[in-house]
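Structure file entry-v4.cif (mmCIF, C-alpha atoms) is printed below.
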```cif
data_final
#
loop_
_atom_site.label_atom_id
_atom_site.label_comp_id
_atom_site.auth_asym_id
_atom_site.auth_seq_id
_atom_site.Cartn_x
_atom_site.Cartn_y
_atom_site.Cartn_z
CA MET A 1 121.24 90.40 89.69
CA LEU A 2 118.77 87.54 89.37
CA THR A 3 120.42 84.15 89.70
CA ASN A 4 117.57 81.72 90.33
CA TRP A 5 114.85 82.49 87.82
CA GLN A 6 115.51 79.95 85.08
CA LEU A 7 112.69 77.46 84.58
CA THR A 8 112.49 74.03 83.03
CA PRO A 9 111.35 74.16 79.38
CA GLU A 10 107.93 72.77 80.35
CA LEU A 11 107.40 75.29 83.14
CA ARG A 12 108.72 78.14 81.00
CA SER A 13 106.11 77.32 78.36
CA LEU A 14 103.37 77.41 81.03
CA ALA A 15 104.70 80.70 82.36
CA VAL A 16 104.42 82.26 78.90
CA THR A 17 100.86 81.06 78.28
CA LYS A 18 99.42 81.34 81.79
CA ILE A 19 101.03 84.40 83.34
CA ASN A 20 102.42 86.44 80.40
CA GLU A 21 106.05 85.89 81.37
CA VAL A 22 108.68 87.33 79.01
CA THR A 23 112.08 86.02 80.09
CA SER A 24 114.09 88.89 78.63
CA ARG A 25 112.00 91.44 80.53
CA ILE A 26 112.29 89.88 83.99
CA PRO A 27 115.37 91.82 85.21
CA GLU A 28 113.81 95.12 84.12
CA ASP A 29 110.48 94.36 85.82
CA VAL A 30 112.12 93.23 89.04
CA ALA A 31 114.32 96.34 89.12
CA HIS A 32 111.25 98.55 88.52
CA ILE A 33 109.42 97.06 91.53
CA GLN A 34 112.53 97.25 93.72
CA LYS A 35 112.96 100.94 92.89
CA TRP A 36 109.27 101.58 93.57
CA LEU A 37 109.55 99.91 96.99
CA THR A 38 112.42 102.21 97.99
CA GLN A 39 110.16 105.18 97.21
CA GLN A 40 107.35 104.00 99.53
CA SER A 41 108.21 105.66 102.83
CA HIS A 42 105.46 103.77 104.67
CA LEU A 43 106.76 100.31 103.66
CA ASN A 44 109.67 98.32 104.99
CA ALA A 45 109.74 95.34 102.64
CA ARG A 46 111.89 92.54 101.37
CA THR A 47 113.48 93.35 98.04
CA ASP A 48 115.06 89.96 97.25
CA ASP A 49 115.02 89.31 93.49
CA GLN A 50 113.25 85.97 93.73
CA TRP A 51 110.70 87.29 96.24
CA ILE A 52 109.80 90.17 93.91
CA LEU A 53 109.74 87.89 90.89
CA ASN A 54 107.21 85.57 92.48
CA PHE A 55 104.94 88.52 93.26
CA LEU A 56 105.21 89.52 89.60
CA ARG A 57 104.36 85.98 88.54
CA GLY A 58 101.42 85.78 90.91
CA CYS A 59 100.13 89.04 89.41
CA LYS A 60 100.70 87.92 85.80
CA PHE A 61 103.43 90.55 85.41
CA SER A 62 101.07 93.47 85.87
CA LEU A 63 103.30 96.10 87.49
CA ASP A 64 100.35 97.98 89.00
CA ARG A 65 98.83 94.81 90.43
CA THR A 66 102.20 93.74 91.83
CA LYS A 67 102.61 97.08 93.59
CA GLU A 68 99.11 96.78 95.04
CA LYS A 69 99.75 93.24 96.30
CA LEU A 70 103.06 94.19 97.91
CA ASP A 71 101.46 97.19 99.60
CA ASN A 72 98.64 94.95 100.84
CA PHE A 73 101.11 92.28 101.95
CA TYR A 74 103.07 94.56 104.26
CA THR A 75 100.02 96.55 105.34
CA VAL A 76 98.35 93.43 106.65
CA ARG A 77 101.56 92.19 108.28
CA SER A 78 101.41 95.17 110.59
CA ALA A 79 97.62 95.27 110.91
CA LEU A 80 97.23 91.59 111.87
CA PRO A 81 99.98 90.79 114.39
CA GLU A 82 97.98 87.79 115.58
CA PHE A 83 98.77 86.15 112.21
CA PHE A 84 102.19 87.63 111.46
CA GLY A 85 103.80 88.24 114.83
CA LYS A 86 105.76 85.81 117.04
CA ARG A 87 106.50 83.36 114.21
CA ASP A 88 109.44 81.51 115.71
CA PRO A 89 109.07 77.92 114.41
CA LEU A 90 110.68 76.61 117.59
CA SER A 91 108.11 78.18 119.91
CA PRO A 92 105.99 75.57 121.77
CA GLU A 93 102.73 76.75 120.19
CA ILE A 94 104.02 76.49 116.62
CA GLN A 95 105.85 73.23 117.27
CA HIS A 96 102.63 71.65 118.52
CA ILE A 97 100.71 72.70 115.42
CA LEU A 98 103.47 71.56 113.05
CA LYS A 99 103.37 68.11 114.63
CA LEU A 100 99.64 67.87 113.85
CA GLY A 101 100.22 68.19 110.09
CA LEU A 102 97.16 70.34 109.41
CA PHE A 103 98.40 72.14 106.28
CA LEU A 104 100.42 70.01 103.89
CA PRO A 105 101.52 71.02 100.38
CA ILE A 106 101.53 68.08 97.97
CA ASP A 107 103.64 67.95 94.83
CA THR A 108 101.81 67.15 91.62
CA LYS A 109 103.02 66.88 88.05
CA VAL A 110 99.77 68.07 86.48
CA GLY A 111 97.63 71.12 87.20
CA PRO A 112 97.70 73.51 90.15
CA LYS A 113 99.59 72.54 93.29
CA ILE A 114 97.54 70.72 95.93
CA PHE A 115 97.31 71.81 99.55
CA LEU A 116 95.79 69.30 101.95
CA VAL A 117 94.03 71.12 104.77
CA ARG A 118 93.21 68.75 107.62
CA THR A 119 91.24 69.21 110.79
CA ALA A 120 92.14 67.63 114.10
CA ASN A 121 89.94 66.65 117.02
CA ILE A 122 91.57 69.18 119.30
CA ASP A 123 90.39 71.36 122.17
CA PRO A 124 90.27 74.91 120.74
CA THR A 125 90.90 76.31 124.22
CA HIS A 126 94.34 74.67 124.09
CA VAL A 127 95.17 75.09 120.38
CA SER A 128 94.21 78.46 118.95
CA LEU A 129 92.61 78.60 115.49
CA ILE A 130 94.49 81.87 115.05
CA ASP A 131 97.78 80.08 115.65
CA ILE A 132 96.76 77.37 113.18
CA THR A 133 96.11 80.08 110.59
CA LYS A 134 99.50 81.61 111.43
CA VAL A 135 101.27 78.33 110.67
CA CYS A 136 99.34 77.92 107.40
CA LEU A 137 100.52 81.38 106.32
CA MET A 138 104.10 80.59 107.34
CA ILE A 139 104.04 77.58 105.03
CA THR A 140 102.52 79.76 102.31
CA ASP A 141 105.46 82.16 102.72
CA ILE A 142 107.87 79.28 102.12
CA ILE A 143 105.99 78.17 99.02
CA LEU A 144 106.03 81.73 97.70
CA ASN A 145 109.76 81.91 98.33
CA GLU A 146 110.81 78.70 96.61
CA ASP A 147 108.10 76.97 94.59
CA ASP A 148 108.00 78.32 91.02
CA TYR A 149 105.61 75.58 89.94
CA CYS A 150 103.00 76.61 92.50
CA VAL A 151 103.31 80.31 91.75
CA ILE A 152 102.88 79.71 88.01
CA GLN A 153 100.27 76.95 88.06
CA GLY A 154 98.16 78.20 90.95
CA GLN A 155 96.76 76.45 93.97
CA ARG A 156 93.89 74.12 94.80
CA PHE A 157 92.87 73.12 98.31
CA LEU A 158 91.53 69.80 99.52
CA VAL A 159 89.85 70.43 102.86
CA ASP A 160 89.08 67.42 105.06
CA PHE A 161 86.52 68.19 107.79
CA SER A 162 86.46 64.65 109.19
CA ALA A 163 87.91 65.58 112.61
CA PHE A 164 86.24 68.98 113.00
CA ASN A 165 84.10 69.21 116.13
CA LYS A 166 81.37 71.45 117.48
CA ASN A 167 83.67 73.17 119.97
CA GLN A 168 85.90 74.28 117.12
CA LEU A 169 82.88 75.48 115.14
CA LEU A 170 82.00 77.87 117.95
CA ARG A 171 85.46 79.44 117.62
CA VAL A 172 85.16 80.09 113.87
CA THR A 173 83.85 83.64 113.74
CA PRO A 174 83.00 85.63 110.61
CA THR A 175 85.85 88.01 111.48
CA LEU A 176 88.38 85.17 111.65
CA CYS A 177 87.13 83.89 108.28
CA GLN A 178 87.31 87.38 106.82
CA LYS A 179 90.91 87.89 107.93
CA ALA A 180 92.09 84.53 106.64
CA ILE A 181 90.36 84.89 103.26
CA LEU A 182 91.60 88.47 102.92
CA CYS A 183 95.15 87.14 103.20
CA LEU A 184 94.66 84.55 100.47
CA LYS A 185 92.54 86.66 98.16
CA ASP A 186 93.93 90.20 98.44
CA VAL A 187 97.32 89.93 100.11
CA TYR A 188 99.25 86.93 98.84
CA PRO A 189 99.96 86.69 95.09
CA CYS A 190 97.98 83.46 94.91
CA ARG A 191 96.13 82.11 91.90
CA LEU A 192 93.35 80.22 93.67
CA LYS A 193 91.87 77.57 91.41
CA GLY A 194 89.59 75.56 93.66
CA PHE A 195 88.50 74.56 97.15
CA TYR A 196 87.28 70.96 97.47
CA ILE A 197 85.70 69.93 100.75
CA ILE A 198 85.25 66.36 101.92
CA ASN A 199 83.85 64.61 105.01
CA MET A 200 81.81 67.61 106.08
CA HIS A 201 78.87 67.17 108.45
CA PRO A 202 75.84 69.30 107.41
CA ILE A 203 76.08 71.22 110.69
CA PHE A 204 79.24 72.88 109.42
CA GLU A 205 77.70 74.24 106.23
CA SER A 206 77.36 77.64 107.90
CA ILE A 207 81.15 78.04 107.82
CA ILE A 208 81.24 77.34 104.10
CA ASN A 209 78.40 79.77 103.41
CA VAL A 210 80.15 82.54 105.35
CA GLY A 211 83.35 81.82 103.46
CA LYS A 212 81.62 82.07 100.09
CA VAL A 213 80.13 85.44 100.98
CA ILE A 214 83.55 86.79 101.93
CA MET A 215 85.22 85.31 98.84
CA GLY A 216 82.86 86.96 96.42
CA LYS A 217 80.99 85.44 93.50
CA LYS A 218 83.93 84.42 91.31
CA LEU A 219 86.03 82.73 93.98
CA GLY A 220 83.03 81.44 95.90
CA SER A 221 81.92 79.54 92.79
CA ARG A 222 85.14 77.51 93.04
CA VAL A 223 84.14 76.03 96.40
CA VAL A 224 82.72 72.53 96.05
CA ALA A 225 81.58 70.30 98.92
CA TYR A 226 81.44 66.56 98.24
CA SER A 227 79.06 64.17 99.94
CA LYS A 228 79.35 60.38 100.04
CA ASP A 229 77.06 60.24 97.02
CA ASN A 230 79.35 62.23 94.73
CA ALA A 231 82.73 61.62 96.39
CA GLN A 232 84.18 59.95 93.30
CA SER A 233 83.71 63.12 91.27
CA LEU A 234 86.37 64.74 93.46
CA TYR A 235 88.94 63.02 91.29
CA ASP A 236 87.82 65.12 88.33
CA ASN A 237 89.54 68.02 90.13
CA ILE A 238 92.14 66.30 92.31
CA PRO A 239 94.03 63.35 90.80
CA LYS A 240 93.69 60.43 93.19
CA SER A 241 97.24 59.27 92.44
CA ALA A 242 98.65 62.52 93.86
CA LEU A 243 96.96 62.08 97.23
CA PRO A 244 98.70 60.60 100.27
CA ALA A 245 98.45 56.86 100.75
CA ASP A 246 96.18 57.58 103.72
CA TYR A 247 93.61 58.88 101.21
CA GLY A 248 94.01 55.98 98.80
CA GLY A 249 96.57 57.72 96.62
CA GLU A 250 100.15 56.99 95.66
CA GLY A 251 101.81 59.96 97.35
CA GLU A 252 103.72 60.29 100.59
CA THR A 253 101.94 59.38 103.81
CA ILE A 254 100.50 62.03 106.12
CA GLU A 255 103.16 61.12 108.66
CA ALA A 256 105.97 61.62 106.13
CA LEU A 257 104.52 64.91 104.87
CA THR A 258 104.12 66.17 108.42
CA VAL A 259 107.76 65.44 109.28
CA LYS A 260 108.90 66.91 105.97
CA TRP A 261 107.08 70.21 106.46
CA LYS A 262 107.92 70.51 110.16
CA THR A 263 111.59 70.24 109.20
CA LYS A 264 111.13 72.65 106.30
CA VAL A 265 109.47 75.34 108.44
CA GLU A 266 112.18 75.00 111.07
CA SER A 267 114.85 75.46 108.39
CA TYR A 268 113.33 78.86 107.60
CA ARG A 269 113.63 80.09 111.18
CA ASP A 270 116.07 82.88 110.30
CA MET A 271 113.70 84.22 107.65
CA PHE A 272 110.70 84.21 110.00
CA LEU A 273 112.66 85.97 112.74
CA GLU A 274 113.94 88.54 110.26
CA ASP A 275 110.40 89.11 108.98
CA ALA A 276 109.53 90.79 112.27
CA LYS A 277 111.21 93.98 111.04
CA TYR A 278 109.12 94.24 107.87
CA GLY A 279 105.75 95.90 107.70
CA CYS A 280 103.93 99.18 107.24
CA ASP A 281 103.94 102.49 109.11
CA GLU A 282 100.53 104.01 108.43
CA ARG A 283 101.68 107.39 109.77
CA LYS A 284 103.92 107.74 106.71
CA ARG A 285 101.37 106.62 104.11
CA ILE A 286 100.61 109.23 101.45
CA ARG A 287 97.89 107.52 99.43
CA LYS A 288 94.90 105.68 100.86
CA SER A 289 95.29 101.91 101.05
CA VAL A 290 93.06 99.78 98.83
CA LEU A 291 92.42 97.76 102.01
CA SER A 292 91.05 100.79 103.86
CA GLU A 293 87.52 99.39 103.62
CA HIS A 294 88.65 96.53 105.88
CA PHE A 295 90.37 98.67 108.48
CA GLY A 296 89.42 101.55 110.72
CA ILE A 297 91.38 104.80 110.96
CA GLU A 298 93.85 103.34 113.47
CA GLY A 299 94.21 100.01 111.73
CA SER A 300 91.56 98.05 113.62
CA PHE A 301 89.81 95.41 111.55
CA ARG A 302 86.25 96.16 110.48
CA LYS A 303 83.86 93.33 111.22
CA LEU A 304 81.85 91.93 108.35
CA ASP A 305 78.07 92.21 108.51
CA ILE A 306 76.49 89.00 107.24
CA ASP A 307 72.74 88.61 107.05
#
```
Would you mind writing the file out in structure tokens?
Amino acid sequence: MLTNWQLTPELRSLAVTKINEVTSRIPEDVAHIQKWLTQQSHLNARTDDQWILNFLRGCKFSLDRTKEKLDNFYTVRSALPEFFGKRDPLSPEIQHILKLGLFLPIDTKVGPKIFLVRTANIDPTHVSLIDITKVCLMITDIILNEDDYCVIQGQRFLVDFSAFNKNQLLRVTPTLCQKAILCLKDVYPCRLKGFYIINMHPIFESIINVGKVIMGKKLGSRVVAYSKDNAQSLYDNIPKSALPADYGGEGETIEALTVKWKTKVESYRDMFLEDAKYGCDERKRIRKSVLSEHFGIEGSFRKLDID
């Protein structure tokens, strides 16, 4: 029985208008998805009420879309072990990345939730970009598990390239971009509202162009890069007051957010360790996966051809 699905009056009103939520129907919809999951012999998935509910919300309560997302979610968990395996928050690799504070959710009272994505002047031979992506997805799992506001309102990303260096650029391959964007676009029940890029040197435009190609026309149109000449217009999309004090805002400092989210991720250690048992057994799949275009017969990832 659902016990944690009541919303504040303000958020309930948004849920009705933005994602077609009907409070009285929630238990029935959650039970429908849970029953469907038990009938999928190829999936071993979480069936927690709140977990299922947030997939429904992210899919605007379309049962078919929710089933597709859940299938994708666990398919990719098995197909991309580099992102979803070995996710112990106390491991040295993950601890090091958490201390850098590269992916920081920021609370906001208006509009989609803000995620501050920071770069660090690090040696990519010592800190893997794959491991950084892994940590970002771990934090996304936590948000999906507990943040109703974000699931209902959607997400917007502020990406700060100020510390990105040429050595890191050489490690950003089209395949890595494709995998990361696939997770956000086709796997997680995210409602992606915008990507706003600041402090980007022109040499890094190639990364953005590759990303737009992978995102597709609709999502790619929501990527905006700001130069010094139009930097102030950023605040049309991201309220300055919500930003950390380090960025001239009134929010928590980067240091405080980093400590907060390091502690938060560590508190979810049991969940991340338990997650290792969930995934997909392709040998038992009856119907072809909608992600089959991305994977080969044995689950290997197909590389993207970009002209």
Long-range neighbours of stretch 188-190 of chain A as a PyMOL selection string, 9 Å cut-off, all atoms listed in the file, 2 positions minimum in chain: chain A and resi 54-59+66+69-70+72-73+140-141+144+150-151+154-155+182-186+192
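Of the listed residues A:Asn167, A:Ser241, A:Asn230, A:Ser162, the one whose atoms come nearest to A:Arg118 is A:Ser162, with distances taken using all atoms listed in the file.
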Can you pull out every residue within 9 Å of A:Glu82, counting all atoms listed in the file, but drop anything in the same chain fewer than 2 positions away, and send it as a PDB file with C-alpha atoms, in the coordinates of the input?
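Generated file (selection32.pdb):
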```pdb
ATOM      1  CA  ALA A  79      97.620  95.270 110.910  1.00  0.00           C
ATOM      2  CA  LEU A  80      97.230  91.590 111.870  1.00  0.00           C
ATOM      3  CA  PHE A  84     102.190  87.630 111.460  1.00  0.00           C
ATOM      4  CA  GLY A  85     103.800  88.240 114.830  1.00  0.00           C
ATOM      5  CA  LYS A  86     105.760  85.810 117.040  1.00  0.00           C
ATOM      6  CA  ILE A 130      94.490  81.870 115.050  1.00  0.00           C
ATOM      7  CA  ASP A 131      97.780  80.080 115.650  1.00  0.00           C
ATOM      8  CA  LYS A 134      99.500  81.610 111.430  1.00  0.00           C
TER       9      LYS A 134
END
```
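From atom CA of A:Ser41 back to atom CA of A:Cys280, the distance works out to 8.9 Å.
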If you count all atoms listed in the file, which residues fall within 12 Å of stretch 216-218 of chain A, apart from same-chain ones fewer than 4 positions away, as a list of chain:residue names? A:Gln178, A:Ile181, A:Leu182, A:Lys185, A:Asp186, A:Leu192, A:Lys193, A:Gly194, A:Asn209, A:Val210, A:Gly211, A:Lys212, A:Arg222, A:Val223
